[in-house]
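A quick write-up on the structure given underneath.
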Amino acid sequence: MRIELTPQQSKQQESFKHFVDDEIFPYADDYDQQQRIPMKTIKKFAEKGWLGVTIPTENGGLEMDTISWGLLCEEIGRASSSFLSLITVHYMLCKALTSWGTDFQKEYWLPKLANGEILGAFGLTEPEFGSDAKNVGTSAHFADGDYVLNGSKKWISCGQIADLFLIIAQCDGAPCAFIVEKNTPGFFVEPINDMLGFRAAMLAELRMKDCRIPEKNLVGKIGFGFSHVAAAALDSGRYTIAWGCVGLGRACQEASISYATERKQFDNYIKDHQLIQKMIADMITNVKAARLLCFNAGYLKSTKDPQMIMATSIAKYFASKMAAKASSDAVQIHGANGCSSLYPVQRYMRDAKIMEIIEGSNQMQQILIARYGYMGI
Amino acid sequence: MGKKMERDSIVMNENEAKEKIRHFLVKFIKKFDLKDDEDIFESRLVNSLFAMQLVLFVEKEFKIKVENKDLDLKNFNSINSIFTFIDGKKSA
């Protein structure tokens, strides 16, 4: 068994790091304060082809290997959880269409999603339904050749700027999934601001009132909207979040080491205090452990092993817990400075809390992981 | 012996294919005497992630691609139906 990057993956990693260091990392606090990511930055990211990393080459994407895709998410997560959120939901739509889209949907939409002509987002959560996602209240019924959607979706990342949404609904009690264009009559987007974390993720509430969409926008089949379409999207989302948490943990580690190397108390740099060393040692160890779980999930994904789903849940669960602890310790190491906007660690801590909630709360991951453990799988 | 199925130029027979399917399914439904025509969804013992894992299993094990048009519970609700579905995809 070899756990090491190929030369190609190492080269990609350098390229991701270079881009993130130049284009995202220095500005991430500004995004957080202004609660938005500039379109010019998203455009530069798109020009690299990285909005299409999961899309097959035949549909205009890069069809990047799963480890390189993860490394990209790690680098983005190191700089900005909000940017990570944007690509997470975009990839979720891409994954749903790649796996379960019709030939038309793949040929028409995927090239546009790959080159950044349009941005995607994922609409599952509702004001009254979060973890209980199979019982979403948004309804769809077929009338005069169209599906008519009614209901609302909440906390939708990238909702303010996305062009195309994957909406999960119920059609006569059967789960179903649709793609909805933002300009569809009866589809309304209301920005949500001032969240605890992911403040630049441009969240929105989506309202659908007699929103008519053509039959060809059904993704998968009626009855398979949750078990297959949403599940494929969520698995992709957990994978990007898991890797992003590794990046966030690294950011905490790097910020903490840097601060502890410069800050003196009792005539010594605080890095020399053993209680500080304990926190930094835990960060380093847990970041590495989370990355190994992500490698495991990525490897299983690359071989399309059925175990990949649980491996991804485990990676997301562990990595987000790791990020929450690492960011809390990073603030602790920074003291009062860490609680101020002078240092990014307070942002890391706010973002890490969101990581424990999105794409399936950690409590839902725990239930799944335990259930599989009981099954002996 | 039943129908024959091409898999990586190795000829696999129906019984062997069904045994692989049964081996995968019983991990989830814990029914070791699962019959070939028994409806696995009626057992209500499978969870929401099972459906995706079943898709991944048949794709990996039998080197086929499950597509949008294949989304029909009739293709996946028993050992017999899964075998027939795979056989149909291999023959197409």
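Within each chain, counting starts at residue 1; across the structure tokens, chains are named A, B, ... in the order shown, with ligands numbered 1 upward in that order.
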
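The list of residues with at least one atom within 9 Å of A:Lys304, based on only C-alpha atoms and without residues fewer than 6 positions apart in the same chain, reads Leu56, Phe57, Glu59 and Lys60 of chain B.
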
Please run DSSP on the backbone and report, as a PyMOL selection string, all residues within chain B that come out as strand (DSSP E or B).
chain B and resi 4-7+10-13

For the residues in the current selection, export N, CA and C atoms as a tab-separated table (two decimals), in the first residue's frame.
chain	number	residue	atom	x	y	z
B	4	LYS	N	-25.38	-17.13	-19.61
B	4	LYS	CA	-23.98	-16.77	-19.43
B	4	LYS	C	-23.78	-15.28	-19.67
B	5	MET	N	-22.85	-14.74	-18.95
B	5	MET	CA	-22.65	-13.30	-18.96
B	5	MET	C	-21.18	-13.01	-19.19
B	6	GLU	N	-20.86	-12.14	-20.15
B	6	GLU	CA	-19.46	-11.80	-20.42
B	6	GLU	C	-18.99	-10.79	-19.39
B	7	ARG	N	-17.86	-11.04	-18.78
B	7	ARG	CA	-17.30	-10.07	-17.84
B	7	ARG	C	-15.79	-10.11	-17.97
B	10	ILE	N	-14.18	-13.08	-19.15
B	10	ILE	CA	-14.36	-14.31	-18.37
B	10	ILE	C	-15.85	-14.64	-18.44
B	11	VAL	N	-16.17	-15.85	-18.71
B	11	VAL	CA	-17.58	-16.21	-18.79
B	11	VAL	C	-18.07	-16.52	-17.38
B	12	MET	N	-19.14	-15.79	-16.97
B	12	MET	CA	-19.67	-16.00	-15.64
B	12	MET	C	-21.09	-16.51	-15.76
B	13	ASN	N	-21.44	-17.47	-15.00
B	13	ASN	CA	-22.78	-18.01	-15.16
B	13	ASN	C	-23.78	-17.34	-14.23

Residue hits in chain B, query chain A, radius 9 Å, only C-alpha atoms, as JSON, numbers by chain
{"B": [27, 28, 29, 30, 48, 49, 50, 51, 52, 53, 54, 55, 56, 57, 59, 60, 66, 67, 68, 69, 71, 72]}

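Taking atom CA of A:Phe178 and atom CA of A:Leu218 as the two end points, the separation is 4.5 Å.
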
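Between atom CA of B:Phe41 and atom CA of A:Asp132 the separation is 20.5 Å.
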
Filtered DSSP result for chain B, state helix (DSSP H, G or I), as JSON, numbers by chain:
{"B": [14, 15, 16, 17, 18, 19, 20, 21, 22, 23, 24, 25, 26, 27, 28, 29, 48, 49, 50, 51, 52, 53, 54, 55, 56, 57, 58, 59, 60, 61, 62, 68, 69, 70, 73, 74, 75, 79, 80, 81, 82, 83, 84, 85, 86, 87, 88, 89, 90, 91]}

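Atom CA of A:Cys294 to atom CA of A:Ile280 spans 21.1 Å [interatomic distance, one decimal].
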
Of A:Ala336, A:Ala319, A:Ala230, A:Leu72, the one nearest to A:Val53 when counting only C-alpha atoms is A:Leu72

So that I can see what lies close to A:Ala255, please list as a PyMOL selection string the residues with an atom at most 9 Å from it, counting only C-alpha atoms and leaving out residues fewer than 4 positions away in the same chain.
chain A and resi 250-251+259-260+330+334+343-345

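With only C-alpha atoms as the basis for measurement, B:Phe62 is the residue among B:Arg22, B:Phe32, B:Leu73, B:Phe62 that approaches B:Gly88 most closely.
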